[in-house]
file data36.cif (mmCIF, C-alpha atoms and all ligand atoms)
data_target
loop_
_atom_site.label_atom_id
_atom_site.label_comp_id
_atom_site.auth_asym_id
_atom_site.auth_seq_id
_atom_site.Cartn_x
_atom_site.Cartn_y
_atom_site.Cartn_z
CA MET V 1 107.25 123.33 89.08
CA LEU V 2 105.37 120.06 88.78
CA ALA V 3 102.05 120.87 87.07
CA ILE V 4 98.98 118.66 86.72
CA GLU V 5 95.90 118.99 84.49
CA SER V 6 92.82 116.72 84.64
CA SER V 7 89.82 118.97 83.93
CA CYS V 8 88.33 116.95 81.06
CA ASP V 9 89.54 113.91 79.12
CA GLU V 10 93.33 114.34 79.17
CA THR V 11 95.47 113.29 82.11
CA ALA V 12 98.51 115.54 81.91
CA ALA V 13 101.63 116.36 83.92
CA ALA V 14 104.55 118.65 83.15
CA VAL V 15 107.76 119.96 84.64
CA VAL V 16 108.21 123.67 83.90
CA GLU V 17 111.05 126.01 84.87
CA SER V 18 110.36 129.64 85.79
CA GLY V 19 106.92 129.44 84.16
CA ARG V 20 108.48 129.57 80.70
CA ARG V 21 110.70 126.59 79.92
CA VAL V 22 109.11 123.16 79.50
CA ARG V 23 111.39 120.35 80.72
CA ALA V 24 108.72 117.68 80.04
CA SER V 25 105.05 117.62 79.08
CA ILE V 26 103.09 114.36 79.09
CA VAL V 27 99.47 114.11 77.92
CA ALA V 28 97.55 110.82 78.18
CA SER V 29 94.46 111.25 76.04
CA GLN V 30 91.30 109.27 76.73
CA VAL V 31 89.85 110.12 73.35
CA ASP V 32 89.57 106.49 72.15
CA LEU V 33 87.64 105.54 75.28
CA HIS V 34 85.03 108.26 74.78
CA ALA V 35 84.84 108.03 70.96
CA ARG V 36 82.23 105.29 70.95
CA TYR V 37 79.89 107.49 72.99
CA GLY V 38 80.42 110.48 70.68
CA GLY V 39 81.40 112.70 73.62
CA VAL V 40 83.16 112.73 77.00
CA VAL V 41 81.43 110.60 79.65
CA PRO V 42 82.27 112.24 83.00
CA GLU V 43 82.36 109.10 85.14
CA VAL V 44 84.47 107.22 82.60
CA ALA V 45 86.86 110.21 82.54
CA SER V 46 87.24 110.31 86.35
CA ARG V 47 88.01 106.60 86.57
CA GLN V 48 90.56 106.84 83.78
CA HIS V 49 92.27 109.81 85.48
CA LEU V 50 92.61 107.64 88.61
CA LEU V 51 94.38 104.94 86.61
CA LYS V 52 96.66 107.34 84.74
CA ILE V 53 97.56 110.07 87.18
CA ARG V 54 100.51 108.35 88.88
CA PRO V 55 102.13 106.92 85.73
CA VAL V 56 101.74 110.27 83.94
CA ILE V 57 103.37 112.21 86.80
CA GLU V 58 106.18 109.64 87.03
CA GLU V 59 106.76 109.81 83.27
CA ALA V 60 106.92 113.63 83.33
CA LEU V 61 109.54 113.56 86.11
CA LYS V 62 111.52 110.87 84.29
CA ARG V 63 111.50 112.75 80.95
CA ALA V 64 112.54 115.93 82.76
CA GLY V 65 115.47 113.98 84.22
CA CYS V 66 114.48 114.74 87.79
CA THR V 67 112.77 113.36 90.89
CA LEU V 68 110.39 114.93 93.39
CA ASP V 69 113.51 116.05 95.30
CA ASP V 70 114.17 118.59 92.52
CA ILE V 71 110.63 120.03 92.54
CA ASP V 72 110.13 123.44 94.21
CA ALA V 73 106.34 123.81 93.89
CA VAL V 74 103.25 121.93 92.71
CA ALA V 75 100.35 123.28 90.62
CA ALA V 76 97.09 121.68 89.52
CA THR V 77 93.99 122.74 87.61
CA ARG V 78 91.26 123.85 90.00
CA GLY V 79 88.45 124.51 87.48
CA PRO V 80 86.40 125.02 85.41
CA GLY V 81 85.89 121.45 84.27
CA LEU V 82 84.25 118.14 85.14
CA ALA V 83 84.11 117.92 88.94
CA GLY V 84 85.05 114.24 89.24
CA ALA V 85 87.89 114.67 86.73
CA LEU V 86 89.27 117.83 88.41
CA LEU V 87 89.27 116.16 91.84
CA VAL V 88 91.74 113.48 90.75
CA GLY V 89 94.50 115.81 89.53
CA TYR V 90 93.83 118.50 92.12
CA ASN V 91 94.04 116.10 95.05
CA ALA V 92 97.10 114.36 93.61
CA GLY V 93 98.79 117.77 93.44
CA LYS V 94 97.76 118.69 96.96
CA ALA V 95 98.94 115.34 98.32
CA ILE V 96 102.40 115.74 96.78
CA ALA V 97 102.65 119.33 98.04
CA TYR V 98 101.53 118.31 101.55
CA GLY V 99 103.78 115.24 101.70
CA ARG V 100 106.83 117.19 100.51
CA ASN V 101 105.98 120.44 102.27
CA LEU V 102 106.01 122.38 99.00
CA PRO V 103 104.02 125.45 97.95
CA PHE V 104 100.79 124.53 96.15
CA LEU V 105 98.97 126.56 93.48
CA GLY V 106 95.44 125.87 92.18
CA VAL V 107 95.16 127.22 88.63
CA ASN V 108 92.13 128.37 86.63
CA HIS V 109 92.08 126.26 83.44
CA LEU V 110 91.23 129.25 81.21
CA GLU V 111 94.10 131.24 82.67
CA GLY V 112 96.29 128.22 81.93
CA HIS V 113 95.27 128.31 78.26
CA VAL V 114 96.18 132.02 78.08
CA TYR V 115 99.58 131.39 79.73
CA ALA V 116 100.48 128.81 77.08
CA ASN V 117 101.57 132.00 75.27
CA TRP V 118 104.36 132.43 77.83
CA LEU V 119 105.81 129.07 76.78
CA ILE V 120 106.75 130.50 73.37
CA GLU V 121 110.47 131.28 73.20
CA GLY V 122 111.59 134.90 72.94
CA PRO V 123 110.30 138.07 74.61
CA GLU V 124 107.29 137.77 76.94
CA PRO V 125 103.83 138.93 75.76
CA ARG V 126 103.20 142.65 76.34
CA PHE V 127 100.22 144.26 78.06
CA PRO V 128 97.53 145.30 77.52
CA ALA V 129 96.70 142.18 75.54
CA LEU V 130 93.46 140.97 74.01
CA CYS V 131 92.95 137.24 74.57
CA LEU V 132 90.78 135.11 72.31
CA VAL V 133 90.08 131.89 74.23
CA VAL V 134 88.55 129.27 71.93
CA SER V 135 88.16 125.80 73.39
CA GLY V 136 85.60 123.01 73.59
CA GLY V 137 83.80 124.75 76.43
CA HIS V 138 84.60 128.46 75.98
CA THR V 139 84.71 131.22 73.39
CA ASP V 140 85.70 134.42 75.18
CA LEU V 141 87.27 137.76 74.29
CA VAL V 142 89.14 138.92 77.37
CA LEU V 143 91.16 142.07 77.98
CA MET V 144 94.29 141.31 80.00
CA ARG V 145 95.70 144.51 81.53
CA GLY V 146 98.46 142.77 83.44
CA HIS V 147 99.36 139.44 85.01
CA GLY V 148 96.23 137.87 86.48
CA GLN V 149 93.96 140.76 85.44
CA TYR V 150 91.09 139.73 83.18
CA GLU V 151 88.04 141.57 81.92
CA ARG V 152 85.65 139.58 79.74
CA LEU V 153 84.40 141.84 76.94
CA GLY V 154 82.50 139.29 74.89
CA GLY V 155 81.85 135.62 74.39
CA THR V 156 79.50 133.05 73.02
CA ARG V 157 75.83 133.17 73.92
CA ASP V 158 75.29 129.51 73.05
CA ASP V 159 77.80 126.96 71.72
CA ALA V 160 81.55 127.35 72.13
CA ALA V 161 83.56 127.36 68.86
CA GLY V 162 85.07 123.92 69.60
CA GLU V 163 81.67 122.55 70.54
CA ALA V 164 80.30 123.78 67.18
CA PHE V 165 83.17 122.02 65.37
CA ASP V 166 82.47 118.84 67.35
CA LYS V 167 78.71 118.92 66.67
CA VAL V 168 79.23 119.59 62.97
CA GLY V 169 81.75 116.72 62.91
CA ARG V 170 79.04 114.48 64.27
CA LEU V 171 76.48 115.72 61.68
CA LEU V 172 79.01 114.91 58.95
CA GLY V 173 79.63 111.44 60.38
CA LEU V 174 83.25 112.21 61.34
CA PRO V 175 85.01 110.68 64.40
CA PHE V 176 85.00 112.39 67.82
CA PRO V 177 86.25 114.98 68.57
CA GLY V 178 85.11 116.59 65.34
CA GLY V 179 87.33 119.71 65.35
CA PRO V 180 90.52 118.33 63.78
CA HIS V 181 88.52 116.04 61.44
CA VAL V 182 86.35 118.89 60.16
CA ALA V 183 89.53 120.92 59.59
CA LYS V 184 91.07 118.03 57.64
CA GLN V 185 87.94 117.64 55.46
CA ALA V 186 87.91 121.39 54.84
CA GLU V 187 91.38 121.14 53.29
CA LEU V 188 89.79 118.98 50.56
CA GLY V 189 86.98 121.48 49.97
CA GLY V 190 86.75 125.01 48.59
CA PRO V 191 84.35 127.78 47.59
CA SER V 192 81.01 126.63 46.18
CA ALA V 193 77.39 127.74 45.82
CA LEU V 194 76.92 126.90 49.52
CA SER V 195 76.73 129.96 51.76
CA LEU V 196 76.32 129.39 55.50
CA PRO V 197 75.22 132.19 57.87
CA ARG V 198 77.57 134.29 60.03
CA ALA V 199 75.96 135.59 63.23
CA TRP V 200 77.57 139.03 63.62
CA MET V 201 75.66 140.03 66.81
CA HIS V 202 76.15 143.69 65.80
CA GLY V 203 76.94 146.18 68.52
CA THR V 204 78.48 143.50 70.76
CA PHE V 205 81.60 141.39 70.91
CA ASP V 206 79.49 138.31 71.50
CA PHE V 207 79.30 135.20 69.35
CA SER V 208 76.60 132.70 68.46
CA PHE V 209 77.23 129.42 66.67
CA SER V 210 73.97 127.53 67.19
CA GLY V 211 72.26 128.97 64.06
CA LEU V 212 75.25 127.98 61.95
CA LYS V 213 75.07 124.45 63.37
CA THR V 214 71.35 124.22 62.46
CA ALA V 215 72.12 125.49 58.94
CA VAL V 216 74.70 122.69 58.59
CA LEU V 217 72.06 120.17 59.72
CA HIS V 218 69.66 121.35 56.98
CA THR V 219 72.45 121.33 54.38
CA VAL V 220 73.42 117.76 55.27
CA ARG V 221 69.77 116.63 55.06
CA GLU V 222 69.34 118.34 51.68
CA GLY V 223 72.19 116.24 50.27
CA ARG V 224 73.32 118.72 47.58
CA PHE V 225 76.87 119.26 48.87
CA ASP V 226 79.62 116.80 49.81
CA THR V 227 81.42 116.65 53.17
CA PRO V 228 84.57 118.64 52.17
CA THR V 229 82.41 121.45 50.72
CA ILE V 230 80.28 121.71 53.86
CA ALA V 231 83.34 121.45 56.17
CA TRP V 232 85.13 124.20 54.19
CA GLU V 233 82.21 126.64 54.29
CA PHE V 234 81.47 125.90 57.98
CA GLN V 235 85.10 126.52 58.94
CA GLU V 236 85.18 129.76 56.91
CA ALA V 237 82.00 130.96 58.67
CA VAL V 238 83.44 130.30 62.17
CA VAL V 239 86.88 131.73 61.32
CA ASP V 240 85.38 134.81 59.64
CA VAL V 241 83.44 135.83 62.77
CA LEU V 242 86.21 134.95 65.26
CA ALA V 243 88.94 136.76 63.31
CA GLY V 244 86.65 139.66 62.37
CA LYS V 245 85.59 140.45 65.93
CA THR V 246 89.03 139.88 67.42
CA SER V 247 90.72 142.20 64.93
CA ARG V 248 88.08 144.92 65.38
CA LEU V 249 88.27 144.81 69.17
CA SER V 250 92.07 144.81 69.15
CA ARG V 251 91.98 147.96 66.99
CA GLU V 252 89.36 149.68 69.18
CA LEU V 253 91.22 148.92 72.40
CA GLY V 254 94.67 149.70 71.02
CA VAL V 255 96.18 146.63 72.66
CA ALA V 256 99.85 145.75 72.30
CA GLU V 257 99.24 142.14 71.29
CA VAL V 258 96.58 139.52 70.63
CA LEU V 259 97.01 136.23 72.53
CA VAL V 260 95.12 133.22 71.18
CA ALA V 261 94.44 130.18 73.36
CA GLY V 262 92.50 126.90 73.59
CA GLY V 263 92.11 123.83 71.39
CA VAL V 264 90.56 125.67 68.43
CA ALA V 265 93.66 127.92 68.32
CA SER V 266 95.39 124.96 66.67
CA ASN V 267 93.12 125.47 63.62
CA THR V 268 95.33 126.51 60.70
CA ARG V 269 92.74 128.71 58.97
CA LEU V 270 91.99 130.57 62.20
CA ARG V 271 95.72 131.16 62.75
CA GLU V 272 96.12 132.50 59.19
CA GLU V 273 93.10 134.81 59.31
CA LEU V 274 93.92 136.25 62.75
CA ARG V 275 97.49 136.97 61.62
CA SER V 276 96.39 138.62 58.39
CA ARG V 277 93.55 140.74 59.85
CA CYS V 278 94.80 141.94 63.26
CA PRO V 279 96.64 145.28 63.32
CA VAL V 280 98.96 144.13 66.14
CA PRO V 281 101.21 141.07 66.63
CA VAL V 282 99.21 137.85 67.12
CA ARG V 283 100.73 135.25 69.40
CA ILE V 284 99.52 131.65 69.16
CA PRO V 285 101.09 128.73 71.05
CA PRO V 286 102.27 125.67 69.10
CA PRO V 287 99.36 123.20 68.64
CA GLU V 288 100.49 120.86 71.46
CA TYR V 289 100.11 123.74 73.95
CA CYS V 290 96.76 124.89 72.48
CA THR V 291 94.85 121.71 73.38
CA ASP V 292 94.70 120.66 77.03
CA ASN V 293 98.12 120.10 78.60
CA ALA V 294 99.85 120.61 81.95
CA ALA V 295 102.72 122.81 80.73
CA MET V 296 100.29 125.74 80.42
CA ILE V 297 99.21 125.16 84.03
CA GLY V 298 102.88 125.32 85.06
CA ALA V 299 103.24 128.59 83.13
CA ALA V 300 100.27 130.24 84.86
CA ALA V 301 101.40 128.94 88.26
CA GLY V 302 104.97 130.11 87.62
CA PHE V 303 104.12 133.80 87.63
CA ARG V 304 101.87 133.43 90.69
CA LEU V 305 104.62 131.63 92.57
CA ALA V 306 107.08 134.39 91.63
CA LEU V 307 104.63 136.90 93.15
CA GLY V 308 104.60 134.90 96.37
CA GLN V 309 101.08 133.56 95.95
CA ARG V 310 99.99 130.20 97.40
CA SER V 311 96.71 128.28 97.46
CA PRO V 312 95.51 126.93 100.81
CA LEU V 313 95.41 123.13 100.94
CA ASP V 314 91.85 123.19 102.32
CA GLU V 315 90.53 125.01 99.25
CA ASP V 316 88.18 122.98 97.03
CA ILE V 317 87.90 122.78 93.24
CA PHE V 318 85.51 125.21 91.57
CA THR V 319 83.26 124.34 88.66
CA THR V 320 82.09 127.74 87.44
CA ASN V 321 83.08 129.40 84.19
CA ASP V 322 84.42 132.53 85.72
CA TRP V 323 87.13 135.02 84.75
CA ASP V 324 86.55 136.79 88.06
CA GLU V 325 87.88 133.68 89.78
CA ALA V 326 91.03 133.89 87.68
CA SER V 327 91.39 137.58 88.62
CA ARG V 328 90.90 137.16 92.32
CA PHE V 329 94.59 137.33 93.22
CA ALA V 330 95.26 140.06 90.63
CA PRO V 331 98.45 141.79 91.68
CA ALA V 332 97.63 145.52 91.46
CA ALA V 333 101.30 146.39 91.07
CA ALA V 334 101.48 144.42 87.84
CA ALA V 335 98.86 146.58 86.10
CA GLY V 336 99.79 147.32 82.48
CA VAL V 337 97.33 150.18 81.83
O1 LIG V 401 91.20 123.44 74.92
P1 LIG V 401 90.74 122.08 74.58
O2 LIG V 401 91.76 121.00 74.36
O3 LIG V 401 89.77 121.52 75.68
C1 LIG V 401 88.88 122.37 76.38
O4 LIG V 401 89.31 123.03 77.34
O5 LIG V 401 87.72 122.40 75.92
O6 LIG V 401 89.81 122.23 73.28
C2 LIG V 401 89.23 121.13 72.66
C3 LIG V 401 88.42 121.62 71.48
C4 LIG V 401 87.55 120.52 70.88
O7 LIG V 401 86.26 121.04 70.69
C5 LIG V 401 88.25 120.22 69.56
O8 LIG V 401 87.39 119.72 68.56
C6 LIG V 401 88.80 121.58 69.20
O9 LIG V 401 89.27 122.09 70.42
N1 LIG V 401 89.89 121.50 68.21
C7 LIG V 401 89.83 122.03 66.96
C8 LIG V 401 91.06 121.70 66.32
N2 LIG V 401 91.81 121.01 67.21
C9 LIG V 401 91.09 120.88 68.35
N3 LIG V 401 88.86 122.74 66.35
C10 LIG V 401 89.10 123.15 65.09
N4 LIG V 401 90.23 122.88 64.41
C11 LIG V 401 91.23 122.17 64.98
N5 LIG V 401 92.35 121.92 64.29
ZN ZN V 402 91.03 123.41 77.78
#
call {"tool": "encode", "arguments": {"input": "data36.cif", "output": "structure tokens"}}
result
Amino acid sequence: MLAIESSCDETAAAVVESGRRVRASIVASQVDLHARYGGVVPEVASRQHLLKIRPVIEEALKRAGCTLDDIDAVAATRGPGLAGALLVGYNAGKAIAYGRNLPFLGVNHLEGHVYANWLIEGPEPRFPALCLVVSGGHTDLVLMRGHGQYERLGGTRDDAAGEAFDKVGRLLGLPFPGGPHVAKQAELGGPSALSLPRAWMHGTFDFSFSGLKTAVLHTVREGRFDTPTIAWEFQEAVVDVLAGKTSRLSRELGVAEVLVAGGVASNTRLREELRSRCPVPVRIPPPEYCTDNAAMIGAAAGFRLALGQRSPLDEDIFTTNDWDEASRFAPAAAAGV
């Protein structure tokens, strides 16, 4: 499977076998280009994808030690994401599939993040599973009853967890994207007199991070605490709520496993807290498959291909944030519960 990802600011291609074994995974990040704007500029991203898409695909094939002659199917991210960015990778994938007469699969980006868990060596994840998807654009708790079957049980009502990290990074004067930099600063900090709020949203499995972000703004303006101290307490507040709600829901549902996905899943404190609080095994992909990459798209497409699914070549990208879209081909026979 040749897989392509271009939903945001990484141009990525991968060669994946049977949806589980990565032969090559190439990610060309545009982060330096966007850094001076303090965020991703959609038009700049699209143009950069156009420049990078061919070299990135060629490099993935080369590293995998193969040519297009060895490829059996092509997959590309269909959404959600930036429309202009998605179009580049999606149309490149379609063109290769059309030119080579290969099956084509359009993949939901969020489903891709979840399937990064299938790239981990060893036994496959078991159903029913509770997925915590924490990225720059999403913070969702999703029950996965079987392959391709998703039910969203909670999620953020305002900022996504990654977005909160990025905004706090900006408030603290750290480089873009803030997430990894805030995490690094937090390692230098520790407990103090500073106590930031946790929005528990009692009675729901929803999240809210905008109040926490405002509290950080006031704390920075006050000037009483240094950057590591603020970063540490902010990270603890986010991790506390994410791990607390995920562990409680996994207990209530009696799931077999917890699957963590998305860029924020590479956060060390979140990984530790989820593992120590959840009553069931917690699976988290290695950091390079948590942030955007194409190997995860190849993993999600791999199981759909095995089920005989194909995407029509006249189908367009979609730009909604929608688990129903990911579930639309749900194979009933694969139901876990
Ligand atoms: O999944 P991803 O690569 O892109 C989206 O689909 O959004 O997630 C990117 C997000 C960014 O907000 C970034 O700051 C955050 O993941 N992130 C982190 C860490 N590494 C990446 N947040 C906290 N701690 C990290 N170590
Ligand atoms: Zn992503």
call {"tool": "closest_residue", "arguments": {"input": "data36.cif", "among": "V:Phe318, V:Tyr150, V:Trp200, V:Tyr115", "to": "ligand ZN 402 (chain V)", "atoms": "all atoms listed in the file"}}
result
V:Tyr115
call {"tool": "closest_atom_pairs", "arguments": {"input": "data36.cif", "of": "chain V", "to": "ligand LIG 401 (chain V)", "cutoff": "6 Å", "atoms": "all atoms listed in the file", "output": "tab-separated table"}}
result
residue	atom	partner	partner_atom	distance
V:Ser135	CA	V:LIG401	O6	3.9
V:Gly136	CA	V:LIG401	O5	3.2
V:Gly137	CA	V:LIG401	O5	4.6
V:Gly162	CA	V:LIG401	O7	3.3
V:Glu163	CA	V:LIG401	O7	4.8
V:Phe165	CA	V:LIG401	O8	5.8
V:Asp166	CA	V:LIG401	O8	5.1
V:Pro177	CA	V:LIG401	O8	4.9
V:Gly178	CA	V:LIG401	O8	5.0
V:Gly179	CA	V:LIG401	O8	3.2
V:Pro180	CA	V:LIG401	N5	4.1
V:Ala183	CA	V:LIG401	N4	5.3
V:Gly262	CA	V:LIG401	O1	3.9
V:Gly263	CA	V:LIG401	O6	3.4
V:Val264	CA	V:LIG401	N3	4.0
V:Ser266	CA	V:LIG401	N5	4.9
V:Asn267	CA	V:LIG401	N5	3.7
V:Thr291	CA	V:LIG401	O2	3.3
V:Asp292	CA	V:LIG401	O2	4.0
call {"tool": "closest_atom_pairs", "arguments": {"input": "data36.cif", "of": "chain V", "to": "ligand ZN 402 (chain V)", "cutoff": "10 Å", "atoms": "all atoms listed in the file", "output": "tab-separated table"}}
result
residue	atom	partner	partner_atom	distance
V:Glu5	CA	V:ZN402	ZN	9.4
V:Ser6	CA	V:ZN402	ZN	9.7
V:Ser7	CA	V:ZN402	ZN	7.7
V:Cys8	CA	V:ZN402	ZN	7.7
V:Asp9	CA	V:ZN402	ZN	9.7
V:Glu10	CA	V:ZN402	ZN	9.5
V:Pro80	CA	V:ZN402	ZN	9.1
V:Gly81	CA	V:ZN402	ZN	8.5
V:His109	CA	V:ZN402	ZN	6.4
V:Leu110	CA	V:ZN402	ZN	6.8
V:Glu111	CA	V:ZN402	ZN	9.7
V:Gly112	CA	V:ZN402	ZN	8.2
V:His113	CA	V:ZN402	ZN	6.5
V:Val133	CA	V:ZN402	ZN	9.2
V:Val134	CA	V:ZN402	ZN	8.6
V:Ser135	CA	V:ZN402	ZN	5.8
V:Gly136	CA	V:ZN402	ZN	6.9
V:Gly137	CA	V:ZN402	ZN	7.5
V:His138	CA	V:ZN402	ZN	8.4
V:Ala261	CA	V:ZN402	ZN	8.8
V:Gly262	CA	V:ZN402	ZN	5.6
V:Gly263	CA	V:ZN402	ZN	6.5
V:Val264	CA	V:ZN402	ZN	9.6
V:Tyr289	CA	V:ZN402	ZN	9.9
V:Cys290	CA	V:ZN402	ZN	7.9
V:Thr291	CA	V:ZN402	ZN	6.1
V:Asp292	CA	V:ZN402	ZN	4.6
V:Asn293	CA	V:ZN402	ZN	7.9
V:Met296	CA	V:ZN402	ZN	9.9
call {"tool": "write_last_selection", "arguments": {"input": "data36.cif", "atoms": "C-alpha atoms", "output": "mmCIF file, keeping the file's coordinate frame"}}
result
data_model
loop_
_atom_site.group_PDB
_atom_site.id
_atom_site.type_symbol
_atom_site.label_atom_id
_atom_site.label_comp_id
_atom_site.auth_asym_id
_atom_site.auth_seq_id
_atom_site.Cartn_x
_atom_site.Cartn_y
_atom_site.Cartn_z
ATOM 1 C CA GLU V 5 95.900 118.990 84.490
ATOM 2 C CA SER V 6 92.820 116.720 84.640
ATOM 3 C CA SER V 7 89.820 118.970 83.930
ATOM 4 C CA CYS V 8 88.330 116.950 81.060
ATOM 5 C CA ASP V 9 89.540 113.910 79.120
ATOM 6 C CA GLU V 10 93.330 114.340 79.170
ATOM 7 C CA PRO V 80 86.400 125.020 85.410
ATOM 8 C CA GLY V 81 85.890 121.450 84.270
ATOM 9 C CA HIS V 109 92.080 126.260 83.440
ATOM 10 C CA LEU V 110 91.230 129.250 81.210
ATOM 11 C CA GLU V 111 94.100 131.240 82.670
ATOM 12 C CA GLY V 112 96.290 128.220 81.930
ATOM 13 C CA HIS V 113 95.270 128.310 78.260
ATOM 14 C CA VAL V 133 90.080 131.890 74.230
ATOM 15 C CA VAL V 134 88.550 129.270 71.930
ATOM 16 C CA SER V 135 88.160 125.800 73.390
ATOM 17 C CA GLY V 136 85.600 123.010 73.590
ATOM 18 C CA GLY V 137 83.800 124.750 76.430
ATOM 19 C CA HIS V 138 84.600 128.460 75.980
ATOM 20 C CA ALA V 261 94.440 130.180 73.360
ATOM 21 C CA GLY V 262 92.500 126.900 73.590
ATOM 22 C CA GLY V 263 92.110 123.830 71.390
ATOM 23 C CA VAL V 264 90.560 125.670 68.430
ATOM 24 C CA TYR V 289 100.110 123.740 73.950
ATOM 25 C CA CYS V 290 96.760 124.890 72.480
ATOM 26 C CA THR V 291 94.850 121.710 73.380
ATOM 27 C CA ASP V 292 94.700 120.660 77.030
ATOM 28 C CA ASN V 293 98.120 120.100 78.600
ATOM 29 C CA MET V 296 100.290 125.740 80.420
#
call {"tool": "residues_around", "arguments": {"input": "data36.cif", "residues": "V:Gly99", "least_positions_apart": "3", "cutoff": "12 Å", "atoms": "only C-alpha atoms", "output": "list in words"}}
result
Leu68, Asp69, Ala73, Val74, Asn91, Ala92, Gly93, Lys94, Ala95, Ile96, Leu102, Pro103, Phe104 and Leu313 of chain V
call {"tool": "atom_distance", "arguments": {"input": "data36.cif", "atom1": "atom CA of V:Lys245", "atom2": "atom CA of V:Arg126"}}
result
20.6 Å
call {"tool": "residues_near_point", "arguments": {"input": "data36.cif", "point": "(82.9, 142.8, 72.8)", "cutoff": "9 Å", "atoms": "all atoms listed in the file", "output": "PyMOL selection string"}}
result
chain V and resi 141-142+152-155+203-206+245-246+249
call {"tool": "atom_distance", "arguments": {"input": "data36.cif", "atom1": "atom CA of V:Asp324", "atom2": "atom CA of V:Gly79"}}
result
12.4 Å
call {"tool": "atom_distance", "arguments": {"input": "data36.cif", "atom1": "atom CA of V:Ile4", "atom2": "atom CA of V:Ala76"}}
result
4.5 Å
call {"tool": "residues_around", "arguments": {"input": "data36.cif", "residues": "V:Ala295", "least_positions_apart": "2", "cutoff": "6 Å", "atoms": "all atoms listed in the file", "output": "list of chain:residue names"}}
result
V:Ala14, V:Ser25, V:Asn293, V:Ile297, V:Gly298
call {"tool": "residues_around", "arguments": {"input": "data36.cif", "residues": "V:Val260", "least_positions_apart": "4", "cutoff": "8 Å", "atoms": "all atoms listed in the file", "output": "list in words"}}
result
Val114, Asn117, Cys131, Leu132, Val133, Val134, Ala265, Val282, Arg283, Ile284 and Pro285 of chain V
call {"tool": "closest_residue", "arguments": {"input": "data36.cif", "among": "V:Thr77, V:Gln149, V:Ser29, V:Asn101", "to": "V:Ala326", "atoms": "only C-alpha atoms"}}
result
V:Gln149
call {"tool": "residues_near_point", "arguments": {"input": "data36.cif", "point": "(81.5, 131.3, 71.0)", "cutoff": "7 Å", "atoms": "all atoms listed in the file", "output": "PyMOL selection string"}}
result
chain V and resi 138-140+155-161+207-209
call {"tool": "residues_around", "arguments": {"input": "data36.cif", "residues": "V:Phe303", "least_positions_apart": "6", "cutoff": "8 Å", "atoms": "all atoms listed in the file", "output": "short mmCIF file (atom, residue, chain, number, x, y, z; two decimals) with C-alpha atoms, in the frame of the given file"}}
result
data_model
loop_
_atom_site.label_atom_id
_atom_site.label_comp_id
_atom_site.auth_asym_id
_atom_site.auth_seq_id
_atom_site.Cartn_x
_atom_site.Cartn_y
_atom_site.Cartn_z
CA SER V 18 110.36 129.64 85.79
CA GLY V 19 106.92 129.44 84.16
CA HIS V 147 99.36 139.44 85.01
#
call {"tool": "axis_aligned_box", "arguments": {"input": "data36.cif", "around": "stretch 226-233 of chain V", "padding_each_side": "6 Å", "output": "lines of an AutoDock Vina configuration file"}}
result
center_x = 82.4
center_y = 121.6
center_z = 53.0
size_x = 17.5
size_y = 22.0
size_z = 18.4
call {"tool": "residues_around", "arguments": {"input": "data36.cif", "residues": "V:Gly302", "least_positions_apart": "2", "cutoff": "8 Å", "atoms": "all atoms listed in the file", "output": "list in words"}}
result
Met1, Glu17, Ser18, Gly19, Arg20, Gly298, Ala299, Ala300, Arg304, Leu305 and Ala306 of chain V
call {"tool": "closest_residue", "arguments": {"input": "data36.cif", "among": "V:Ala116, V:Cys278, V:Met201, V:Ile230", "to": "V:Ala256", "atoms": "only C-alpha atoms"}}
result
V:Cys278
